[in-house]
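S.K.: Have a peek at coords-v5.cif (mmCIF, C-alpha atoms).
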data_input
#
loop_
_atom_site.group_PDB
_atom_site.id
_atom_site.type_symbol
_atom_site.label_atom_id
_atom_site.label_comp_id
_atom_site.auth_asym_id
_atom_site.auth_seq_id
_atom_site.Cartn_x
_atom_site.Cartn_y
_atom_site.Cartn_z
ATOM 1 C CA MET U 1096 62.098 64.211 121.998
ATOM 2 C CA PRO U 1097 65.259 66.248 121.278
ATOM 3 C CA THR U 1098 68.275 65.468 123.436
ATOM 4 C CA PHE U 1099 71.845 66.660 123.406
ATOM 5 C CA ARG U 1100 74.898 65.518 125.334
ATOM 6 C CA THR U 1101 78.498 66.633 125.255
ATOM 7 C CA THR U 1102 81.587 66.013 127.353
ATOM 8 C CA ARG U 1103 84.380 68.558 127.201
ATOM 9 C CA GLN U 1104 87.852 68.650 128.681
ATOM 10 C CA VAL U 1105 88.454 72.149 130.055
ATOM 11 C CA ARG U 1106 91.488 73.929 131.548
ATOM 12 C CA HIS U 1107 89.757 74.759 134.818
ATOM 13 C CA ALA U 1108 89.276 72.827 138.055
ATOM 14 C CA ALA U 1109 86.023 70.900 138.514
ATOM 15 C CA GLY U 1110 85.066 73.089 141.502
ATOM 16 C CA GLU U 1111 85.575 76.257 139.467
ATOM 17 C CA MET U 1112 83.351 74.932 136.687
ATOM 18 C CA PHE U 1113 80.690 73.871 139.208
ATOM 19 C CA ASP U 1114 80.718 77.376 140.739
ATOM 20 C CA LEU U 1115 80.427 78.992 137.321
ATOM 21 C CA VAL U 1116 77.416 76.874 136.266
ATOM 22 C CA ALA U 1117 75.836 77.240 139.729
ATOM 23 C CA ASP U 1118 75.942 81.055 139.408
ATOM 24 C CA VAL U 1119 72.625 81.065 137.528
ATOM 25 C CA GLU U 1120 71.965 84.773 138.038
ATOM 26 C CA ARG U 1121 74.818 85.551 135.605
ATOM 27 C CA TYR U 1122 73.367 83.470 132.745
ATOM 28 C CA PRO U 1123 71.854 86.446 130.888
ATOM 29 C CA GLU U 1124 75.408 87.795 130.485
ATOM 30 C CA PHE U 1125 76.630 84.868 128.366
ATOM 31 C CA VAL U 1126 74.228 81.924 127.911
ATOM 32 C CA PRO U 1127 72.764 81.634 124.395
ATOM 33 C CA LEU U 1128 69.057 82.617 124.219
ATOM 34 C CA CYS U 1129 68.895 83.491 127.954
ATOM 35 C CA GLU U 1130 67.383 86.951 128.233
ATOM 36 C CA GLN U 1131 66.512 86.963 131.935
ATOM 37 C CA LEU U 1132 66.836 84.703 134.983
ATOM 38 C CA LYS U 1133 65.419 85.356 138.428
ATOM 39 C CA ILE U 1134 65.698 83.224 141.546
ATOM 40 C CA LYS U 1135 62.251 82.878 143.146
ATOM 41 C CA ARG U 1136 63.302 80.678 146.086
ATOM 42 C CA ARG U 1137 66.508 79.381 147.600
ATOM 43 C CA ALA U 1138 66.605 76.554 150.156
ATOM 44 C CA GLU U 1139 69.326 74.536 151.818
ATOM 45 C CA GLY U 1140 69.154 70.781 151.442
ATOM 46 C CA GLY U 1141 71.174 68.198 153.318
ATOM 47 C CA GLU U 1142 74.929 67.747 152.969
ATOM 48 C CA GLY U 1143 75.622 71.100 151.313
ATOM 49 C CA THR U 1144 72.915 70.745 148.692
ATOM 50 C CA GLN U 1145 71.182 73.931 147.637
ATOM 51 C CA ILE U 1146 67.820 74.015 145.838
ATOM 52 C CA LEU U 1147 66.789 76.983 143.716
ATOM 53 C CA VAL U 1148 63.495 77.684 141.982
ATOM 54 C CA VAL U 1149 64.169 79.966 139.046
ATOM 55 C CA ASP U 1150 62.253 81.729 136.296
ATOM 56 C CA MET U 1151 64.123 81.913 133.017
ATOM 57 C CA THR U 1152 63.106 83.873 129.934
ATOM 58 C CA VAL U 1153 64.527 82.783 126.610
ATOM 59 C CA ALA U 1154 64.285 84.860 123.471
ATOM 60 C CA TYR U 1155 64.733 84.120 119.807
ATOM 61 C CA GLY U 1156 63.915 87.039 117.556
ATOM 62 C CA PRO U 1157 60.483 88.347 118.536
ATOM 63 C CA VAL U 1158 59.544 85.135 120.406
ATOM 64 C CA ARG U 1159 59.953 85.122 124.200
ATOM 65 C CA GLN U 1160 59.077 82.260 126.485
ATOM 66 C CA SER U 1161 59.408 82.022 130.258
ATOM 67 C CA PHE U 1162 59.514 78.875 132.331
ATOM 68 C CA THR U 1163 60.148 77.788 135.900
ATOM 69 C CA SER U 1164 62.670 75.149 136.920
ATOM 70 C CA GLN U 1165 64.080 73.647 140.074
ATOM 71 C CA VAL U 1166 67.868 73.670 140.163
ATOM 72 C CA THR U 1167 69.566 71.269 142.586
ATOM 73 C CA LEU U 1168 73.191 72.154 143.289
ATOM 74 C CA GLU U 1169 75.092 69.226 144.816
ATOM 75 C CA ARG U 1170 78.552 70.547 145.608
ATOM 76 C CA ALA U 1171 79.722 67.318 147.295
ATOM 77 C CA ARG U 1172 79.019 65.351 144.100
ATOM 78 C CA LEU U 1173 79.940 68.236 141.750
ATOM 79 C CA ALA U 1174 76.578 67.762 140.050
ATOM 80 C CA ILE U 1175 73.746 70.070 139.013
ATOM 81 C CA LEU U 1176 70.269 68.870 138.087
ATOM 82 C CA VAL U 1177 67.663 71.137 136.467
ATOM 83 C CA GLU U 1178 64.061 69.905 136.518
ATOM 84 C CA TYR U 1179 61.189 71.612 134.728
ATOM 85 C CA LEU U 1180 58.254 72.870 136.799
ATOM 86 C CA ASP U 1181 56.074 75.104 134.608
ATOM 87 C CA GLY U 1182 55.945 76.819 131.225
ATOM 88 C CA PRO U 1183 55.845 76.018 127.496
ATOM 89 C CA PHE U 1184 57.496 72.594 127.720
ATOM 90 C CA ARG U 1185 55.983 69.166 128.087
ATOM 91 C CA GLN U 1186 59.301 68.073 129.527
ATOM 92 C CA LEU U 1187 62.717 69.636 130.183
ATOM 93 C CA GLU U 1188 65.642 68.260 132.144
ATOM 94 C CA ASN U 1189 69.309 68.975 132.090
ATOM 95 C CA ARG U 1190 72.258 67.696 134.062
ATOM 96 C CA TRP U 1191 75.808 68.841 134.597
ATOM 97 C CA ARG U 1192 78.595 66.675 136.040
ATOM 98 C CA PHE U 1193 82.134 67.841 136.757
ATOM 99 C CA ARG U 1194 85.101 65.504 137.220
ATOM 100 C CA ALA U 1195 88.706 66.369 138.011
ATOM 101 C CA ALA U 1196 91.068 65.482 135.184
ATOM 102 C CA GLY U 1197 94.222 66.815 136.796
ATOM 103 C CA GLU U 1198 95.106 69.669 139.093
ATOM 104 C CA LYS U 1199 94.164 72.412 136.629
ATOM 105 C CA SER U 1200 91.642 70.679 134.381
ATOM 106 C CA SER U 1201 88.335 68.874 134.471
ATOM 107 C CA GLU U 1202 85.808 67.043 132.385
ATOM 108 C CA VAL U 1203 82.422 68.727 132.028
ATOM 109 C CA ASP U 1204 79.468 66.552 131.049
ATOM 110 C CA PHE U 1205 76.312 68.364 129.891
ATOM 111 C CA PHE U 1206 73.019 66.641 129.025
ATOM 112 C CA ILE U 1207 69.661 68.150 128.079
ATOM 113 C CA SER U 1208 66.356 66.676 126.993
ATOM 114 C CA TYR U 1209 63.280 68.733 126.141
ATOM 115 C CA GLU U 1210 59.944 68.744 124.367
ATOM 116 C CA PHE U 1211 57.634 71.694 123.750
ATOM 117 C CA ARG U 1212 53.918 71.342 124.556
ATOM 118 C CA SER U 1213 52.962 73.112 121.334
ATOM 119 C CA LYS U 1214 54.058 71.622 118.024
ATOM 120 C CA THR U 1215 53.942 75.120 116.526
ATOM 121 C CA LEU U 1216 56.270 76.514 119.183
ATOM 122 C CA GLY U 1217 58.480 73.452 118.747
ATOM 123 C CA LEU U 1218 58.761 74.154 115.027
ATOM 124 C CA LEU U 1219 59.340 77.851 115.637
ATOM 125 C CA MET U 1220 61.946 77.562 118.380
ATOM 126 C CA GLY U 1221 63.183 73.976 118.090
ATOM 127 C CA ALA U 1222 66.027 74.683 115.660
ATOM 128 C CA ALA U 1223 67.177 77.696 117.686
ATOM 129 C CA PHE U 1224 67.138 75.649 120.911
ATOM 130 C CA ASP U 1225 69.081 72.829 119.290
ATOM 131 C CA LYS U 1226 71.715 75.240 117.992
ATOM 132 C CA ALA U 1227 71.919 77.067 121.350
ATOM 133 C CA PHE U 1228 72.274 73.849 123.370
ATOM 134 C CA ARG U 1229 75.147 72.788 121.128
ATOM 135 C CA ARG U 1230 76.865 76.060 122.113
ATOM 136 C CA PHE U 1231 76.113 75.845 125.864
ATOM 137 C CA ALA U 1232 79.206 73.970 127.011
ATOM 138 C CA GLU U 1233 81.411 76.183 124.858
ATOM 139 C CA ALA U 1234 79.775 79.323 126.295
ATOM 140 C CA PHE U 1235 80.531 78.150 129.840
ATOM 141 C CA GLU U 1236 84.116 77.272 128.924
ATOM 142 C CA GLN U 1237 84.622 80.735 127.395
ATOM 143 C CA ARG U 1238 83.081 82.310 130.509
ATOM 144 C CA ALA U 1239 85.490 80.300 132.706
ATOM 145 C CA ASP U 1240 88.433 81.559 130.637
ATOM 146 C CA LYS U 1241 87.194 85.118 131.172
ATOM 147 C CA ILE U 1242 86.531 84.720 134.918
ATOM 148 C CA TYR U 1243 89.438 82.444 135.940
ATOM 149 C CA GLY U 1244 91.924 83.213 133.152
ATOM 150 C CA VAL U 1245 93.249 80.865 130.515
ATOM 151 C CA LYS U 1246 95.447 78.196 132.101
ATOM 152 C CA SER U 1247 98.063 76.092 130.446
ATOM 153 C CA ALA U 1248 97.482 72.339 130.437
#
Re-express the file's structure as structure tokens.
M.R.:
Amino acid sequence: MPTFRTTRQVRHAAGEMFDLVADVERYPEFVPLCEQLKIKRRAEGGEGTQILVVDMTVAYGPVRQSFTSQVTLERARLAILVEYLDGPFRQLENRWRFRAAGEKSSEVDFFISYEFRSKTLGLLMGAAFDKAFRRFAEAFEQRADKIYGVKSA
């Protein structure tokens, strides 16, 4: 099962990075392979936790696949958990963690694990997914620079 993990030091506060990743409706503007994302449901959990059910469509060339996930936004812990609900995967999970690393910087930890149901689809899209996931953290850091401005260390 393919997995990818990266930890990056960024020049933005942990809360800013959490807010940026939590703003899932903006993903089609900058996230690799993300063509469309719609929130189906939004619910409040305890202690400031918000739970979203989202449909995401990813595209690579002529191939488009949509899937449904539950996104748990835990502001108090500066953590985001994405759990797969339905679509072309056998399994999909990703996690984000944000830790302060100074007043104007933070450490962003991104993890993803996935497996397609269809071996054919896995062969067709697997390399593109792997390449895109390796660019995810960088895409969010570039988006933060655009939204919040580039800060000196």
S.K.: Which is closest to Gly1110 (chain U) among U:Ser1200, U:Ser1208, U:Ser1161, U:Gln1237, if we use all atoms listed in the file?
M.R.: U:Ser1200
S.K.: Between U:Asp1150, U:Asp1114, U:Asp1181, U:Glu1169, which has the minimum distance to Tyr1243 (chain U) (counting only C-alpha atoms)?
M.R.: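 With only C-alpha atoms as the atom set, the closest residue is U:Asp1114.
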S.K.: Write out as a list in words each polymer residue whose atoms come within 7 Å of region 1185-1192 of chain U, counting all atoms listed in the file; drop sequence neighbours fewer than 4 positions from it.
M.R.: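 The residues that qualify are Leu1173, Ala1174, Ile1175, Leu1176, Val1177, Glu1178, Tyr1179, Val1203, Asp1204, Phe1205, Phe1206, Ile1207, Ser1208, Tyr1209, Glu1210, Phe1211 and Arg1212 of chain U.
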S.K.: May I have the selected residues written with C-alpha atoms, as a compact mmCIF listing (two decimals), in the frame of the given file?
M.R.:
# COMPACT_ATOMS: atom_id res chain seq x y z
CA LEU U 1173 79.94 68.24 141.75
CA ALA U 1174 76.58 67.76 140.05
CA ILE U 1175 73.75 70.07 139.01
CA LEU U 1176 70.27 68.87 138.09
CA VAL U 1177 67.66 71.14 136.47
CA GLU U 1178 64.06 69.90 136.52
CA TYR U 1179 61.19 71.61 134.73
CA VAL U 1203 82.42 68.73 132.03
CA ASP U 1204 79.47 66.55 131.05
CA PHE U 1205 76.31 68.36 129.89
CA PHE U 1206 73.02 66.64 129.02
CA ILE U 1207 69.66 68.15 128.08
CA SER U 1208 66.36 66.68 126.99
CA TYR U 1209 63.28 68.73 126.14
CA GLU U 1210 59.94 68.74 124.37
CA PHE U 1211 57.63 71.69 123.75
CA ARG U 1212 53.92 71.34 124.56
S.K.: Hey, can you check how far CA of Gly1197 (chain U) sits from CA of Glu1111 (chain U)?
M.R.: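 Interatomic distance here is 13.1 Å.
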S.K.: Determine, counting all atoms listed in the file, every residue of protein, DNA or RNA that lies within 12 Å of (84.2, 76.0, 128.1) in the file coordinates, then give the result as a ChimeraX atom specification.
M.R.: /U:1101-1109,1111-1113,1115-1116,1125-1126,1200-1205,1229-1245
S.K.: Counting all atoms listed in the file, which of U:Leu1147, U:Thr1152, U:Asp1225, U:Val1158 gets nearest to Ala1117 (chain U)?
M.R.: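 Of U:Leu1147, U:Thr1152, U:Asp1225, U:Val1158, the one nearest Ala1117 (chain U), counting all atoms listed in the file, is U:Leu1147.
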S.K.: Pick the closest to Tyr1122 (chain U) from U:Ala1196, U:Met1096, U:Val1153, U:Val1148: which is it, counting all atoms listed in the file?
M.R.: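 Closest residue, counting all atoms listed in the file: U:Val1153.
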S.K.: With distances taken over only C-alpha atoms, which of U:Gly1143, U:Gly1156, U:Gln1165, U:Pro1183 is nearest to Val1119 (chain U)?
M.R.: U:Gln1165
S.K.: Could you tell me, as a PyMOL selection string, exactly which residues end up selected when the PyMOL selection byres ((chain U and resi 1131) around 6) is applied to this structure?
M.R.: chain U and resi 1123+1129-1130+1132+1151-1152
S.K.: Restrict the selected residues to C-alpha atoms and save them as a short mmCIF file (atom, residue, chain, number, x, y, z; two decimals), keeping the file's coordinate frame.
M.R.:
data_model
loop_
_atom_site.label_atom_id
_atom_site.label_comp_id
_atom_site.auth_asym_id
_atom_site.auth_seq_id
_atom_site.Cartn_x
_atom_site.Cartn_y
_atom_site.Cartn_z
CA PRO U 1123 71.85 86.45 130.89
CA CYS U 1129 68.90 83.49 127.95
CA GLU U 1130 67.38 86.95 128.23
CA LEU U 1132 66.84 84.70 134.98
CA MET U 1151 64.12 81.91 133.02
CA THR U 1152 63.11 83.87 129.93
#
S.K.: Quick one, how far is CA of Ile1134 (chain U) from CA of Lys1214 (chain U)?
M.R.: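 CA of Lys1214 (chain U) lies at a distance of 28.7 Å from CA of Ile1134 (chain U).
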S.K.: CA of Pro1127 (chain U) to CA of Thr1098 (chain U): how many Å, to one decimal?
M.R.: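 Going from CA of Pro1127 (chain U) over to CA of Thr1098 (chain U) covers 16.8 Å.
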S.K.: When distances are computed from only C-alpha atoms, which of U:Gly1140, U:Gly1217, U:Pro1097, U:Gly1182 shows the smallest separation from Val1166 (chain U)?
M.R.: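 For Val1166 (chain U), the nearest of the given residues is U:Gly1140.
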S.K.: Using the block above, I'd like region 1223-1239 of chain U written out, keeping all heavy atoms and formatting it as a PDB file, in the first residue's frame.
M.R.:
ATOM      1  N   ALA U1223       0.757   9.084 -10.861  1.00  0.00           N
ATOM      2  CA  ALA U1223       0.327  10.481 -10.783  1.00  0.00           C
ATOM      3  C   ALA U1223      -0.002  10.860  -9.343  1.00  0.00           C
ATOM      4  O   ALA U1223       0.344  11.950  -8.881  1.00  0.00           O
ATOM      5  CB  ALA U1223      -0.890  10.712 -11.677  1.00  0.00           C
ATOM      6  N   PHE U1224      -0.679   9.956  -8.608  1.00  0.00           N
ATOM      7  CA  PHE U1224      -1.004  10.216  -7.213  1.00  0.00           C
ATOM      8  C   PHE U1224       0.265  10.359  -6.395  1.00  0.00           C
ATOM      9  O   PHE U1224       0.406  11.277  -5.594  1.00  0.00           O
ATOM     10  CB  PHE U1224      -1.868   9.085  -6.638  1.00  0.00           C
ATOM     11  CG  PHE U1224      -3.336   9.365  -6.728  1.00  0.00           C
ATOM     12  CD1 PHE U1224      -3.943   9.608  -7.941  1.00  0.00           C
ATOM     13  CD2 PHE U1224      -4.112   9.394  -5.588  1.00  0.00           C
ATOM     14  CE1 PHE U1224      -5.303   9.869  -8.026  1.00  0.00           C
ATOM     15  CE2 PHE U1224      -5.461   9.654  -5.657  1.00  0.00           C
ATOM     16  CZ  PHE U1224      -6.062   9.899  -6.869  1.00  0.00           C
ATOM     17  N   ASP U1225       1.205   9.456  -6.603  1.00  0.00           N
ATOM     18  CA  ASP U1225       2.455   9.496  -5.845  1.00  0.00           C
ATOM     19  C   ASP U1225       3.170  10.825  -6.077  1.00  0.00           C
ATOM     20  O   ASP U1225       3.605  11.487  -5.132  1.00  0.00           O
ATOM     21  CB  ASP U1225       3.346   8.317  -6.238  1.00  0.00           C
ATOM     22  CG  ASP U1225       4.560   8.199  -5.335  1.00  0.00           C
ATOM     23  OD1 ASP U1225       4.371   8.101  -4.100  1.00  0.00           O
ATOM     24  OD2 ASP U1225       5.685   8.216  -5.865  1.00  0.00           O
ATOM     25  N   LYS U1226       3.259  11.235  -7.318  1.00  0.00           N
ATOM     26  CA  LYS U1226       3.919  12.496  -7.660  1.00  0.00           C
ATOM     27  C   LYS U1226       3.162  13.680  -7.047  1.00  0.00           C
ATOM     28  O   LYS U1226       3.767  14.599  -6.499  1.00  0.00           O
ATOM     29  CB  LYS U1226       3.995  12.639  -9.178  1.00  0.00           C
ATOM     30  CG  LYS U1226       4.767  13.834  -9.647  1.00  0.00           C
ATOM     31  CD  LYS U1226       4.862  13.835 -11.167  1.00  0.00           C
ATOM     32  CE  LYS U1226       5.625  15.045 -11.672  1.00  0.00           C
ATOM     33  NZ  LYS U1226       5.677  15.088 -13.126  1.00  0.00           N
ATOM     34  N   ALA U1227       1.831  13.663  -7.136  1.00  0.00           N
ATOM     35  CA  ALA U1227       1.018  14.753  -6.592  1.00  0.00           C
ATOM     36  C   ALA U1227       1.161  14.845  -5.078  1.00  0.00           C
ATOM     37  O   ALA U1227       1.307  15.943  -4.528  1.00  0.00           O
ATOM     38  CB  ALA U1227      -0.446  14.565  -6.970  1.00  0.00           C
ATOM     39  N   PHE U1228       1.121  13.702  -4.380  1.00  0.00           N
ATOM     40  CA  PHE U1228       1.229  13.721  -2.924  1.00  0.00           C
ATOM     41  C   PHE U1228       2.579  14.266  -2.488  1.00  0.00           C
ATOM     42  O   PHE U1228       2.690  14.937  -1.466  1.00  0.00           O
ATOM     43  CB  PHE U1228       0.992  12.339  -2.333  1.00  0.00           C
ATOM     44  CG  PHE U1228      -0.428  11.867  -2.499  1.00  0.00           C
ATOM     45  CD1 PHE U1228      -0.702  10.534  -2.704  1.00  0.00           C
ATOM     46  CD2 PHE U1228      -1.493  12.752  -2.460  1.00  0.00           C
ATOM     47  CE1 PHE U1228      -2.011  10.088  -2.871  1.00  0.00           C
ATOM     48  CE2 PHE U1228      -2.799  12.326  -2.622  1.00  0.00           C
ATOM     49  CZ  PHE U1228      -3.062  10.992  -2.819  1.00  0.00           C
ATOM     50  N   ARG U1229       3.609  14.025  -3.255  1.00  0.00           N
ATOM     51  CA  ARG U1229       4.933  14.550  -2.929  1.00  0.00           C
ATOM     52  C   ARG U1229       4.974  16.075  -3.096  1.00  0.00           C
ATOM     53  O   ARG U1229       5.825  16.733  -2.521  1.00  0.00           O
ATOM     54  CB  ARG U1229       6.002  13.880  -3.778  1.00  0.00           C
ATOM     55  CG  ARG U1229       6.150  12.415  -3.419  1.00  0.00           C
ATOM     56  CD  ARG U1229       7.236  11.701  -4.180  1.00  0.00           C
ATOM     57  NE  ARG U1229       7.176  10.277  -3.905  1.00  0.00           N
ATOM     58  CZ  ARG U1229       7.609   9.704  -2.794  1.00  0.00           C
ATOM     59  NH1 ARG U1229       8.145  10.432  -1.842  1.00  0.00           N
ATOM     60  NH2 ARG U1229       7.505   8.409  -2.614  1.00  0.00           N
ATOM     61  N   ARG U1230       4.022  16.624  -3.844  1.00  0.00           N
ATOM     62  CA  ARG U1230       3.943  18.072  -4.043  1.00  0.00           C
ATOM     63  C   ARG U1230       2.913  18.743  -3.134  1.00  0.00           C
ATOM     64  O   ARG U1230       2.813  19.970  -3.106  1.00  0.00           O
ATOM     65  CB  ARG U1230       3.613  18.369  -5.508  1.00  0.00           C
ATOM     66  CG  ARG U1230       4.716  17.953  -6.446  1.00  0.00           C
ATOM     67  CD  ARG U1230       4.453  18.263  -7.931  1.00  0.00           C
ATOM     68  NE  ARG U1230       3.311  19.088  -8.238  1.00  0.00           N
ATOM     69  CZ  ARG U1230       2.374  18.755  -9.126  1.00  0.00           C
ATOM     70  NH1 ARG U1230       2.437  17.616  -9.792  1.00  0.00           N
ATOM     71  NH2 ARG U1230       1.368  19.567  -9.374  1.00  0.00           N
ATOM     72  N   PHE U1231       2.120  17.963  -2.397  1.00  0.00           N
ATOM     73  CA  PHE U1231       1.053  18.524  -1.567  1.00  0.00           C
ATOM     74  C   PHE U1231       1.553  19.554  -0.564  1.00  0.00           C
ATOM     75  O   PHE U1231       1.062  20.681  -0.531  1.00  0.00           O
ATOM     76  CB  PHE U1231       0.326  17.407  -0.804  1.00  0.00           C
ATOM     77  CG  PHE U1231      -0.952  16.971  -1.440  1.00  0.00           C
ATOM     78  CD1 PHE U1231      -1.070  16.849  -2.809  1.00  0.00           C
ATOM     79  CD2 PHE U1231      -2.041  16.647  -0.661  1.00  0.00           C
ATOM     80  CE1 PHE U1231      -2.246  16.436  -3.400  1.00  0.00           C
ATOM     81  CE2 PHE U1231      -3.227  16.225  -1.241  1.00  0.00           C
ATOM     82  CZ  PHE U1231      -3.325  16.130  -2.593  1.00  0.00           C
ATOM     83  N   ALA U1232       2.492  19.164   0.277  1.00  0.00           N
ATOM     84  CA  ALA U1232       2.955  20.064   1.332  1.00  0.00           C
ATOM     85  C   ALA U1232       3.532  21.341   0.729  1.00  0.00           C
ATOM     86  O   ALA U1232       3.288  22.447   1.224  1.00  0.00           O
ATOM     87  CB  ALA U1232       3.976  19.366   2.225  1.00  0.00           C
ATOM     88  N   GLU U1233       4.252  21.203  -0.362  1.00  0.00           N
ATOM     89  CA  GLU U1233       4.817  22.366  -1.040  1.00  0.00           C
ATOM     90  C   GLU U1233       3.704  23.268  -1.587  1.00  0.00           C
ATOM     91  O   GLU U1233       3.784  24.490  -1.502  1.00  0.00           O
ATOM     92  CB  GLU U1233       5.729  21.912  -2.179  1.00  0.00           C
ATOM     93  CG  GLU U1233       6.409  23.048  -2.905  1.00  0.00           C
ATOM     94  CD  GLU U1233       7.306  22.552  -4.031  1.00  0.00           C
ATOM     95  OE1 GLU U1233       7.789  21.409  -3.985  1.00  0.00           O
ATOM     96  OE2 GLU U1233       7.512  23.347  -4.968  1.00  0.00           O
ATOM     97  N   ALA U1234       2.657  22.670  -2.136  1.00  0.00           N
ATOM     98  CA  ALA U1234       1.534  23.449  -2.668  1.00  0.00           C
ATOM     99  C   ALA U1234       0.866  24.266  -1.559  1.00  0.00           C
ATOM    100  O   ALA U1234       0.509  25.431  -1.766  1.00  0.00           O
ATOM    101  CB  ALA U1234       0.517  22.529  -3.341  1.00  0.00           C
ATOM    102  N   PHE U1235       0.713  23.673  -0.378  1.00  0.00           N
ATOM    103  CA  PHE U1235       0.105  24.393   0.734  1.00  0.00           C
ATOM    104  C   PHE U1235       1.034  25.495   1.240  1.00  0.00           C
ATOM    105  O   PHE U1235       0.579  26.584   1.594  1.00  0.00           O
ATOM    106  CB  PHE U1235      -0.278  23.433   1.861  1.00  0.00           C
ATOM    107  CG  PHE U1235      -1.557  22.706   1.574  1.00  0.00           C
ATOM    108  CD1 PHE U1235      -1.544  21.458   0.982  1.00  0.00           C
ATOM    109  CD2 PHE U1235      -2.785  23.272   1.879  1.00  0.00           C
ATOM    110  CE1 PHE U1235      -2.726  20.783   0.696  1.00  0.00           C
ATOM    111  CE2 PHE U1235      -3.975  22.613   1.594  1.00  0.00           C
ATOM    112  CZ  PHE U1235      -3.939  21.367   1.001  1.00  0.00           C
ATOM    113  N   GLU U1236       2.331  25.240   1.267  1.00  0.00           N
ATOM    114  CA  GLU U1236       3.274  26.263   1.691  1.00  0.00           C
ATOM    115  C   GLU U1236       3.261  27.443   0.707  1.00  0.00           C
ATOM    116  O   GLU U1236       3.240  28.608   1.117  1.00  0.00           O
ATOM    117  CB  GLU U1236       4.682  25.681   1.788  1.00  0.00           C
ATOM    118  CG  GLU U1236       5.692  26.663   2.343  1.00  0.00           C
ATOM    119  CD  GLU U1236       7.066  26.059   2.558  1.00  0.00           C
ATOM    120  OE1 GLU U1236       7.245  24.840   2.357  1.00  0.00           O
ATOM    121  OE2 GLU U1236       7.967  26.826   2.924  1.00  0.00           O
ATOM    122  N   GLN U1237       3.221  27.156  -0.580  1.00  0.00           N
ATOM    123  CA  GLN U1237       3.155  28.232  -1.579  1.00  0.00           C
ATOM    124  C   GLN U1237       1.848  29.014  -1.453  1.00  0.00           C
ATOM    125  O   GLN U1237       1.820  30.236  -1.601  1.00  0.00           O
ATOM    126  CB  GLN U1237       3.308  27.655  -2.981  1.00  0.00           C
ATOM    127  CG  GLN U1237       4.711  27.183  -3.266  1.00  0.00           C
ATOM    128  CD  GLN U1237       4.823  26.442  -4.598  1.00  0.00           C
ATOM    129  OE1 GLN U1237       3.832  26.181  -5.274  1.00  0.00           O
ATOM    130  NE2 GLN U1237       6.047  26.091  -4.958  1.00  0.00           N
ATOM    131  N   ARG U1238       0.752  28.303  -1.170  1.00  0.00           N
ATOM    132  CA  ARG U1238      -0.539  28.966  -0.976  1.00  0.00           C
ATOM    133  C   ARG U1238      -0.477  29.877   0.254  1.00  0.00           C
ATOM    134  O   ARG U1238      -0.996  30.996   0.234  1.00  0.00           O
ATOM    135  CB  ARG U1238      -1.634  27.908  -0.817  1.00  0.00           C
ATOM    136  CG  ARG U1238      -3.011  28.469  -0.558  1.00  0.00           C
ATOM    137  CD  ARG U1238      -3.586  29.113  -1.776  1.00  0.00           C
ATOM    138  NE  ARG U1238      -4.989  29.442  -1.539  1.00  0.00           N
ATOM    139  CZ  ARG U1238      -5.768  29.987  -2.429  1.00  0.00           C
ATOM    140  NH1 ARG U1238      -5.303  30.248  -3.620  1.00  0.00           N
ATOM    141  NH2 ARG U1238      -7.012  30.251  -2.150  1.00  0.00           N
ATOM    142  N   ALA U1239       0.157  29.419   1.326  1.00  0.00           N
ATOM    143  CA  ALA U1239       0.296  30.235   2.539  1.00  0.00           C
ATOM    144  C   ALA U1239       1.090  31.502   2.236  1.00  0.00           C
ATOM    145  O   ALA U1239       0.726  32.595   2.693  1.00  0.00           O
ATOM    146  CB  ALA U1239       0.968  29.434   3.647  1.00  0.00           C
TER     147      ALA U1239
END
